[in-house]
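S.K.: Here it is: the structure, laid out below.
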Amino acid sequence: MSLPITICDDSKFAQRMLASSLPSEWDVDISYADNGEQAIENIKQGQADVLFLDLNMPVMDGYQVMQQIRDNDLPTMVIVISGDVQPEARKRILALGALDFIAKPIKSGILNEILEKFGVFCASDEVLEHAEQKTPQTRVTGVEAFTSQADKFDALQELANVAMGRAGESFGKILNQFIELPVPKVNLLHANELQMALVESTKNAKVSAVSKGFVAQGLSGEAIILFNDANADSLSELLGYSEHDMHRNVEALMDLSNIIIGACLNALSDALQLAFSHNTPIILGMHCDVKNLVESQSVKWKQVLMIEIEYSIANHSMDFELLFLIPEHHADAIFERMISSKLHNNDLSGAAHG
Amino acid sequence: MDSMALANNWQSNLIQSIEVGILIIEKDYSLRDWNKFMQNHTNRAIEDVAGQSIFSIFPELDKNWFQNKCDPVFSVKTPMFILWEQRPYLFKFESARPITSVSEFMYQNVTIFPVQNSAGEVEKLCVLVYDVTDQAISKQKIELLNAELEKSSRIDGLTGLFNRRYWQERFESDYKLAQRNENTPATLMMLDIDHFKKVNDTHGHQGGDSVIIKLADIIRETMRETDVVGRFGGEEFSILLPNTDINSAQIVAERLRKKCEDSTSIYDNTPISFKVSIGLAQFKLDYTTPMLWLEEADQALYSAKFEGRNRVCTA
């Protein structure tokens, strides 16, 4: 009899990526869940002897699912698959009873190792080798079937998810703090909507902002850090600047921007196999109204793809926002690179393993 | 000497002649190499300094601070950008144009990026130093101009008091303050020159202006620094007195009225005397908008006019 498993991730793209990475001769019956509530339902329906669980999701996140499973003693084995690669996240979910933790993007081979380690799947080396080379084509519909705009947004959101996790880890390590990761939001905005979106997301507080452009193979975009000024002093303190440092708030803002944007771009570079040139960032404004940051008249583009990531540091009730803005005509190209390098990656790692 | 070893090569030429400082620094912060820009600005050949600690070559470089900037370049493998706004310069060089530049030193933007070996480990750092003196000076000039512009946009040209637009801005924020601190009184004063039309008709508009200027001077010397004084209209003035109840305000208003009565403005060798009427209203929680408070003070001013002018009335 097939083993019932559930893949729970708010991204359909991530669901399919994972499904296509499972060993092809593993006899399973796959169900999907878009959030934690559906996952719990699946377990109760007996559709999840093994649950592959994402952490950062809307409605009910992975931590809450783990808590429910534990509180109600639900019959499932959980393997967490997340872009949140902070050691603290790993510690939390293992403490909540997960079997193991796999970092996104999933490296081929890791999955088999873990499945074998916990005895849910066992393959001879020969079969394994054979299986991995075939994986992307044989298991369900692959990611190449993604064509609608919703699908593309979903894929970009997943890309942002992984990049955001890497950046959060880097910055968390430097601050020695746990950084709460959100679900990234992807939106296509008209030129005149950008200002409004910014005002909305900062709730009219005074902000400071840094912008950095990036470009590779003709694909360009801009990354912006928006920082709520109410938090400026506590961030400076966390970063070790004393009150006597004249420019401590600028220093802190620049440190934050350098590390968050830098680490995100590194992750994007890996995922898209592009080596981005970073331009020297500029301070868009210090202590100003967000509506003064972007002058809606001066825009040269019609539509822009905005990926919005709202980080927070719970212990210090501090939050800041990372925005990736990509002119619409580059968004498709990025998406195509994403698909081709994913397939390429899978082929490569499969071959290397064999 | 282990130098960039790209002699007779256009790339080497480029590295040497580009108007950007380039330094290669080892993991232990010793200098491996630098280009001609660095050599020319420090007046030290690479042969004399290679292998030395960057901190002994540049005593002005704060060791802790610089290492903190470099740490993420090693650990996160991300470039770090340092802007002149956070630190005017990394290395203290003279301004590139020693005669006409208004700055004594060179403002610098700095990029520190990782140099990875074939195994992907960060072995060295590359530091780029950009001369942004002109950019920094222009930005500072613009900020100064903006500050002046902002100031001038708040001031009434004739009297030097706040203009109506800015006074109302301040009034509205002080109104909010009064709402929050109901135990701290605040009083609003509206003041108007009596029969001002007659002054204008008799002495001409310039004569009228001289009265307005004289009155503004009297108000300035009578009021406290914390009072918010504005020219509300032609011959009408508005004054917000924070931390002042109606009784104290009445004393101040009476003093002001008396001073006006006793003084004259001289125009064209002719003394012009003038009198003022004053209305007062202390803040009450019933004033649900700033307008209501203002109307109440205006009403008191109207009463002062109605009762015969040259007097102070309260709401």
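Going by the structure tokens order, chains are called A, B, ..., each with residues numbered from 1, while ligands are numbered from 1 in the order shown.
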What are the residues of chain B that have an atom within 10 Å of an atom of chain A, counting only C-alpha atoms, as an mmCIF file with N, CA, C and O atoms, in the first residue's frame?

M.R.:
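What landed in out05.cif:
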```cif
data_model
loop_
_atom_site.group_PDB
_atom_site.id
_atom_site.type_symbol
_atom_site.label_atom_id
_atom_site.label_comp_id
_atom_site.auth_asym_id
_atom_site.auth_seq_id
_atom_site.Cartn_x
_atom_site.Cartn_y
_atom_site.Cartn_z
ATOM 1 N N TRP B 65 36.287 49.716 14.702
ATOM 2 C CA TRP B 65 35.234 50.086 13.760
ATOM 3 C C TRP B 65 35.466 49.426 12.405
ATOM 4 O O TRP B 65 34.577 48.814 11.824
ATOM 5 N N ASN B 68 34.862 45.727 12.459
ATOM 6 C CA ASN B 68 33.430 45.442 12.463
ATOM 7 C C ASN B 68 32.827 45.525 11.069
ATOM 8 O O ASN B 68 31.908 44.791 10.732
ATOM 9 N N LYS B 69 33.333 46.460 10.270
ATOM 10 C CA LYS B 69 32.835 46.587 8.901
ATOM 11 C C LYS B 69 33.290 45.402 8.051
ATOM 12 O O LYS B 69 32.599 44.987 7.142
ATOM 13 N N ASP B 71 34.119 42.278 9.127
ATOM 14 C CA ASP B 71 33.656 40.951 9.554
ATOM 15 C C ASP B 71 32.607 40.336 8.619
ATOM 16 O O ASP B 71 32.744 39.186 8.199
ATOM 17 N N PRO B 72 31.522 41.089 8.297
ATOM 18 C CA PRO B 72 30.507 40.496 7.413
ATOM 19 C C PRO B 72 31.035 40.202 6.007
ATOM 20 O O PRO B 72 30.487 39.347 5.322
ATOM 21 N N VAL B 73 32.079 40.906 5.583
ATOM 22 C CA VAL B 73 32.626 40.627 4.257
ATOM 23 C C VAL B 73 33.202 39.213 4.256
ATOM 24 O O VAL B 73 33.050 38.457 3.300
ATOM 25 N N SER B 75 32.319 36.778 6.685
ATOM 26 C CA SER B 75 31.345 35.768 7.106
ATOM 27 C C SER B 75 30.169 35.658 6.142
ATOM 28 O O SER B 75 29.746 34.562 5.801
ATOM 29 N N VAL B 76 29.610 36.778 5.706
ATOM 30 C CA VAL B 76 28.438 36.735 4.823
ATOM 31 C C VAL B 76 28.857 36.800 3.351
ATOM 32 O O VAL B 76 28.076 36.541 2.455
ATOM 33 N N LYS B 77 30.115 37.127 3.118
ATOM 34 C CA LYS B 77 30.643 37.280 1.754
ATOM 35 C C LYS B 77 29.873 38.339 0.975
ATOM 36 O O LYS B 77 29.591 38.182 -0.205
ATOM 37 N N THR B 78 29.498 39.370 1.679
ATOM 38 C CA THR B 78 28.777 40.437 1.013
ATOM 39 C C THR B 78 29.647 41.677 0.992
ATOM 40 O O THR B 78 30.458 41.878 1.893
ATOM 41 N N PRO B 79 29.527 42.484 -0.073
ATOM 42 C CA PRO B 79 30.278 43.737 -0.048
ATOM 43 C C PRO B 79 29.705 44.672 1.011
ATOM 44 O O PRO B 79 28.514 44.631 1.284
ATOM 45 N N MET B 80 30.555 45.484 1.624
ATOM 46 C CA MET B 80 30.086 46.492 2.574
ATOM 47 C C MET B 80 30.368 47.862 1.968
ATOM 48 O O MET B 80 31.458 48.110 1.461
ATOM 49 N N PHE B 81 29.371 48.707 2.029
ATOM 50 C CA PHE B 81 29.507 50.057 1.490
ATOM 51 C C PHE B 81 29.522 51.046 2.642
ATOM 52 O O PHE B 81 28.700 50.961 3.543
ATOM 53 N N ILE B 82 30.487 51.949 2.628
ATOM 54 C CA ILE B 82 30.555 52.980 3.662
ATOM 55 C C ILE B 82 30.416 54.328 2.954
ATOM 56 O O ILE B 82 31.188 54.630 2.050
ATOM 57 N N LEU B 83 29.412 55.084 3.360
ATOM 58 C CA LEU B 83 29.153 56.359 2.689
ATOM 59 C C LEU B 83 29.747 57.508 3.480
ATOM 60 O O LEU B 83 29.889 57.437 4.696
ATOM 61 N N GLU B 85 28.370 60.042 4.334
ATOM 62 C CA GLU B 85 27.422 60.550 5.326
ATOM 63 C C GLU B 85 27.626 59.897 6.693
ATOM 64 O O GLU B 85 27.290 60.470 7.709
ATOM 65 N N GLN B 86 28.106 58.656 6.715
ATOM 66 C CA GLN B 86 28.336 58.009 7.998
ATOM 67 C C GLN B 86 29.728 58.287 8.531
ATOM 68 O O GLN B 86 29.955 58.351 9.732
ATOM 69 N N ARG B 87 30.696 58.376 7.640
ATOM 70 C CA ARG B 87 32.062 58.693 8.010
ATOM 71 C C ARG B 87 32.658 59.479 6.842
ATOM 72 O O ARG B 87 32.665 58.971 5.724
ATOM 73 N N ASN B 109 33.564 57.720 -0.497
ATOM 74 C CA ASN B 109 32.705 56.540 -0.387
ATOM 75 C C ASN B 109 33.619 55.332 -0.517
ATOM 76 O O ASN B 109 34.544 55.343 -1.332
ATOM 77 N N VAL B 110 33.343 54.311 0.286
ATOM 78 C CA VAL B 110 34.253 53.174 0.319
ATOM 79 C C VAL B 110 33.476 51.882 0.112
ATOM 80 O O VAL B 110 32.388 51.703 0.664
ATOM 81 N N THR B 111 33.996 51.009 -0.731
ATOM 82 C CA THR B 111 33.414 49.680 -0.891
ATOM 83 C C THR B 111 34.455 48.651 -0.467
ATOM 84 O O THR B 111 35.606 48.731 -0.892
#
```

S.K.: What parts of range 105-148 of chain B does DSSP call helix (DSSP H, G or I)? I'd like the answer as a PyMOL selection string.

M.R.: chain B and resi 133-148

S.K.: Between CA of Asn200 in chain B and CA of Arg231 in chain B, what is the distance, to one decimal in Å?

M.R.: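 Separation between CA of Asn200 in chain B and CA of Arg231 in chain B: 17.8 Å.
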
S.K.: Could you name the residues that touch Asp229 in chain A at 8 Å or less, counting only C-alpha atoms, but leaving out those on the same chain fewer than 6 positions away, as a PyMOL selection string?

M.R.: chain A and resi 205-208+287

S.K.: Those selected residues, please, written with N, CA and C atoms and delivered as a CSV table (one decimal), in the first residue's frame.

M.R.:
```csv
chain,number,residue,atom,x,y,z
A,205,ALA,N,4.6,56.4,9.7
A,205,ALA,CA,5.7,56.7,10.6
A,205,ALA,C,6.8,57.4,9.9
A,206,LYS,N,7.6,58.1,10.6
A,206,LYS,CA,8.9,58.6,10.0
A,206,LYS,C,9.8,57.5,9.8
A,207,VAL,N,10.4,57.5,8.6
A,207,VAL,CA,11.3,56.4,8.2
A,207,VAL,C,12.7,57.0,7.7
A,208,SER,N,13.7,56.1,7.7
A,208,SER,CA,14.9,56.3,7.0
A,208,SER,C,15.0,55.2,6.0
A,287,HIS,N,14.8,60.2,8.5
A,287,HIS,CA,13.8,60.8,9.3
A,287,HIS,C,12.8,61.6,8.4
```

S.K.: Excluding same-chain residues fewer than 3 positions from Ser101 in chain B, what lies within 12 Å of it counting only C-alpha atoms, as a ChimeraX atom specification?

M.R.: /B:94-98,104-107,133-138

S.K.: Could you please take those selected residues and save all heavy atoms as a compact mmCIF listing (two decimals), in the first residue's frame?

M.R.:
```txt
# COMPACT_ATOMS: atom_id res chain seq x y z
N GLU B 94 44.22 64.98 1.49
CA GLU B 94 43.83 66.35 1.17
C GLU B 94 42.85 66.34 0.01
O GLU B 94 42.83 65.42 -0.80
CB GLU B 94 45.07 67.16 0.76
CG GLU B 94 45.78 67.77 1.93
CD GLU B 94 47.00 68.55 1.47
OE1 GLU B 94 46.94 69.16 0.39
OE2 GLU B 94 48.01 68.51 2.19
N SER B 95 42.05 67.37 -0.07
CA SER B 95 41.14 67.53 -1.20
C SER B 95 41.94 67.51 -2.50
O SER B 95 43.04 68.04 -2.57
CB SER B 95 40.39 68.83 -1.04
OG SER B 95 39.71 69.13 -2.22
N ALA B 96 41.38 66.88 -3.53
CA ALA B 96 42.12 66.70 -4.78
C ALA B 96 42.39 68.03 -5.48
O ALA B 96 43.31 68.14 -6.28
CB ALA B 96 41.35 65.75 -5.71
N ARG B 97 41.56 69.04 -5.22
CA ARG B 97 41.83 70.37 -5.76
C ARG B 97 42.18 71.28 -4.58
O ARG B 97 41.30 71.81 -3.92
CB ARG B 97 40.61 70.91 -6.52
CG ARG B 97 40.43 70.25 -7.88
CD ARG B 97 39.24 70.81 -8.66
NE ARG B 97 38.01 70.60 -7.92
CZ ARG B 97 37.29 71.56 -7.36
NH1 ARG B 97 37.67 72.81 -7.44
NH2 ARG B 97 36.19 71.27 -6.72
N PRO B 98 43.50 71.41 -4.30
CA PRO B 98 43.91 72.08 -3.06
C PRO B 98 43.58 73.57 -3.03
O PRO B 98 43.52 74.16 -1.96
CB PRO B 98 45.42 71.84 -3.00
CG PRO B 98 45.83 71.50 -4.38
CD PRO B 98 44.65 70.90 -5.06
N GLU B 104 38.80 70.90 3.07
CA GLU B 104 40.22 70.66 3.31
C GLU B 104 40.60 69.23 2.99
O GLU B 104 41.72 68.94 2.61
CB GLU B 104 40.54 70.89 4.79
CG GLU B 104 40.85 72.33 5.13
CD GLU B 104 41.00 72.47 6.63
OE1 GLU B 104 41.68 71.63 7.25
OE2 GLU B 104 40.41 73.42 7.18
N PHE B 105 39.63 68.32 3.20
CA PHE B 105 39.96 66.91 3.01
C PHE B 105 39.06 66.29 1.94
O PHE B 105 38.08 66.88 1.50
CB PHE B 105 39.82 66.14 4.33
CG PHE B 105 38.46 66.26 4.94
CD1 PHE B 105 37.44 65.42 4.54
CD2 PHE B 105 38.19 67.22 5.92
CE1 PHE B 105 36.18 65.52 5.10
CE2 PHE B 105 36.93 67.33 6.49
CZ PHE B 105 35.92 66.48 6.07
N MET B 106 39.43 65.09 1.55
CA MET B 106 38.69 64.38 0.51
C MET B 106 37.57 63.56 1.15
O MET B 106 37.83 62.71 2.00
CB MET B 106 39.65 63.44 -0.23
CG MET B 106 38.99 62.61 -1.33
SD MET B 106 40.04 61.24 -1.85
CE MET B 106 41.36 62.13 -2.68
N TYR B 107 36.33 63.85 0.78
CA TYR B 107 35.22 62.99 1.21
C TYR B 107 35.31 61.69 0.42
O TYR B 107 35.64 61.71 -0.77
CB TYR B 107 33.88 63.66 0.94
CG TYR B 107 33.52 64.74 1.93
CD1 TYR B 107 33.93 66.06 1.74
CD2 TYR B 107 32.75 64.44 3.04
CE1 TYR B 107 33.60 67.05 2.64
CE2 TYR B 107 32.40 65.42 3.96
CZ TYR B 107 32.83 66.73 3.75
OH TYR B 107 32.49 67.70 4.64
N THR B 133 34.20 64.23 -2.95
CA THR B 133 34.22 65.55 -2.31
C THR B 133 33.19 66.51 -2.90
O THR B 133 32.40 67.12 -2.18
CB THR B 133 35.62 66.17 -2.43
OG1 THR B 133 36.57 65.20 -2.01
CG2 THR B 133 35.74 67.42 -1.58
N ASP B 134 33.18 66.61 -4.23
CA ASP B 134 32.28 67.59 -4.86
C ASP B 134 30.82 67.25 -4.59
O ASP B 134 30.00 68.11 -4.32
CB ASP B 134 32.55 67.67 -6.37
CG ASP B 134 33.92 68.29 -6.64
OD1 ASP B 134 34.36 69.08 -5.79
OD2 ASP B 134 34.53 67.96 -7.67
N GLN B 135 30.52 65.96 -4.67
CA GLN B 135 29.17 65.49 -4.40
C GLN B 135 28.76 65.84 -2.96
O GLN B 135 27.66 66.33 -2.72
CB GLN B 135 29.19 63.98 -4.61
CG GLN B 135 27.88 63.28 -4.58
CD GLN B 135 28.12 61.77 -4.65
OE1 GLN B 135 29.03 61.29 -5.33
NE2 GLN B 135 27.32 61.01 -3.92
N ALA B 136 29.68 65.59 -2.02
CA ALA B 136 29.37 65.85 -0.61
C ALA B 136 29.15 67.34 -0.37
O ALA B 136 28.21 67.74 0.31
CB ALA B 136 30.48 65.32 0.28
N ILE B 137 30.03 68.14 -0.97
CA ILE B 137 29.91 69.59 -0.77
C ILE B 137 28.59 70.10 -1.35
O ILE B 137 27.88 70.87 -0.71
CB ILE B 137 31.10 70.33 -1.46
CG1 ILE B 137 32.42 69.90 -0.82
CG2 ILE B 137 30.92 71.83 -1.40
CD1 ILE B 137 32.65 70.38 0.57
N SER B 138 28.24 69.63 -2.56
CA SER B 138 26.98 70.10 -3.14
C SER B 138 25.80 69.70 -2.27
O SER B 138 24.88 70.48 -2.08
CB SER B 138 26.72 69.55 -4.54
OG SER B 138 27.87 69.25 -5.20
```

S.K.: For CA of Ser21 in chain A and CA of Pro105 in chain A, determine how far apart the two atoms are, in Å to one decimal place.

M.R.: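 Separation of CA of Ser21 in chain A and CA of Pro105 in chain A: 10.9 Å.
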
S.K.: By how many Å are CA of Gly234 in chain B and CA of Asn163 in chain B apart?

M.R.: 10.9 Å

S.K.: Which neighbours of Ala150 in chain A fall inside 12 Å, counting only C-alpha atoms, when residues of the same chain fewer than 5 positions from it are skipped, and could you give them as a PyMOL selection string?

M.R.: chain A and resi 11-13+155-157+186-188

S.K.: Please extract the residues of range 140-201 of chain A with a backbone DSSP assignment of strand (DSSP E or B) and present them as an mmCIF file with all heavy atoms, in the first residue's frame.

M.R.:
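Output file selection15.cif is given in full below:
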```
data_model
loop_
_atom_site.group_PDB
_atom_site.id
_atom_site.type_symbol
_atom_site.label_atom_id
_atom_site.label_comp_id
_atom_site.auth_asym_id
_atom_site.auth_seq_id
_atom_site.Cartn_x
_atom_site.Cartn_y
_atom_site.Cartn_z
ATOM 1 N N GLU A 180 12.378 37.317 13.287
ATOM 2 C CA GLU A 180 11.114 36.720 12.862
ATOM 3 C C GLU A 180 10.942 36.944 11.366
ATOM 4 O O GLU A 180 11.067 38.061 10.880
ATOM 5 C CB GLU A 180 9.935 37.377 13.579
ATOM 6 C CG GLU A 180 10.066 37.432 15.085
ATOM 7 C CD GLU A 180 9.490 36.201 15.757
ATOM 8 O OE1 GLU A 180 8.843 35.398 15.056
ATOM 9 O OE2 GLU A 180 9.703 36.053 16.969
ATOM 10 N N LYS A 185 5.462 39.259 0.430
ATOM 11 C CA LYS A 185 4.309 39.605 -0.414
ATOM 12 C C LYS A 185 4.809 40.005 -1.794
ATOM 13 O O LYS A 185 5.764 40.764 -1.908
ATOM 14 C CB LYS A 185 3.546 40.783 0.186
ATOM 15 C CG LYS A 185 2.759 40.424 1.416
ATOM 16 C CD LYS A 185 2.007 41.650 1.930
ATOM 17 C CE LYS A 185 2.432 41.954 3.339
ATOM 18 N NZ LYS A 185 2.049 43.269 3.809
ATOM 19 N N VAL A 186 4.161 39.487 -2.828
ATOM 20 C CA VAL A 186 4.533 39.845 -4.195
ATOM 21 C C VAL A 186 3.365 40.570 -4.844
ATOM 22 O O VAL A 186 2.232 40.102 -4.787
ATOM 23 C CB VAL A 186 4.871 38.585 -5.025
ATOM 24 C CG1 VAL A 186 5.287 38.976 -6.434
ATOM 25 C CG2 VAL A 186 5.979 37.800 -4.347
ATOM 26 N N ASN A 187 3.619 41.713 -5.418
ATOM 27 C CA ASN A 187 2.563 42.493 -6.051
ATOM 28 C C ASN A 187 3.081 43.173 -7.305
ATOM 29 O O ASN A 187 4.243 43.563 -7.366
ATOM 30 C CB ASN A 187 2.072 43.598 -5.116
ATOM 31 C CG ASN A 187 1.065 43.069 -4.126
ATOM 32 O OD1 ASN A 187 0.036 42.533 -4.507
ATOM 33 N ND2 ASN A 187 1.395 43.208 -2.854
ATOM 34 N N LEU A 188 2.185 43.344 -8.270
ATOM 35 C CA LEU A 188 2.509 44.138 -9.440
ATOM 36 C C LEU A 188 1.836 45.490 -9.253
ATOM 37 O O LEU A 188 0.631 45.572 -9.052
ATOM 38 C CB LEU A 188 1.980 43.436 -10.692
ATOM 39 C CG LEU A 188 2.555 43.930 -12.013
ATOM 40 C CD1 LEU A 188 4.059 43.756 -12.056
ATOM 41 C CD2 LEU A 188 1.904 43.192 -13.172
ATOM 42 N N LEU A 189 2.635 46.554 -9.289
ATOM 43 C CA LEU A 189 2.086 47.878 -9.004
ATOM 44 C C LEU A 189 2.206 48.786 -10.209
ATOM 45 O O LEU A 189 3.185 48.734 -10.946
ATOM 46 C CB LEU A 189 2.859 48.525 -7.850
ATOM 47 C CG LEU A 189 2.839 47.840 -6.507
ATOM 48 C CD1 LEU A 189 3.769 48.568 -5.558
ATOM 49 C CD2 LEU A 189 1.442 47.791 -5.949
ATOM 50 N N HIS A 190 1.203 49.652 -10.365
ATOM 51 C CA HIS A 190 1.333 50.731 -11.336
ATOM 52 C C HIS A 190 2.200 51.816 -10.723
ATOM 53 O O HIS A 190 2.288 51.935 -9.498
ATOM 54 C CB HIS A 190 -0.039 51.284 -11.700
ATOM 55 C CG HIS A 190 -0.800 50.390 -12.604
ATOM 56 N ND1 HIS A 190 -0.638 50.410 -13.962
ATOM 57 C CD2 HIS A 190 -1.699 49.419 -12.347
ATOM 58 C CE1 HIS A 190 -1.417 49.495 -14.503
ATOM 59 N NE2 HIS A 190 -2.067 48.867 -13.543
#
```

S.K.: Please provide as a PyMOL selection string all residues within 12 Å of Tyr63 in chain A, with the sequence filter that same-chain residues fewer than 2 positions apart are discarded (counting only C-alpha atoms).

M.R.: chain A and resi 35-37+53-61+65-70+78+80+82+89-98

S.K.: Compare A:Ser20, A:Ser312, A:Asn228, A:Gln149 by their minimum atom-to-atom distance to Met286 in chain A, counting only C-alpha atoms, and give me the closest one.

M.R.: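 Closest candidate: A:Asn228.
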
S.K.: Please identify all polymer residues within 9 Å of range 180-183 of chain B, counting only C-alpha atoms, omitting same-chain residues fewer than 5 positions from it, and present them as a PyMOL selection string.

M.R.: chain B and resi 175+283-285

S.K.: Restricting the calculation to only C-alpha atoms: of A:Glu200, A:Glu308, A:Asp49, A:Asp100, which residue gets closest to Ala223 in chain A?

M.R.: A:Glu308

S.K.: Let me make sure I understand: among A:Gly83, A:Pro4, A:Gly119, A:Gly285, which one has the smallest atom-to-atom distance to Val210 in chain A if we use only C-alpha atoms?

M.R.: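 Closest residue, counting only C-alpha atoms: A:Gly285.
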
S.K.: From the options B:His195, B:Lys124, B:Arg44, B:His203, which residue's atoms come nearest to Ser265 in chain B, counting only C-alpha atoms?

M.R.: B:His203

S.K.: Measuring atom to atom with only C-alpha atoms, identify which of B:Thr226, B:Ser273, B:Gln168, B:Thr314 is nearest to Glu296 in chain B.

M.R.: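 The shortest atom-to-atom distance to Glu296 in chain B comes from B:Thr314.
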
S.K.: Which is closer to Pro87 in chain A than all the others in A:Ser31, A:Arg16, A:Leu51, A:Asn176, using only C-alpha atoms?

M.R.: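 For Pro87 in chain A, the nearest of the candidates is A:Asn176.
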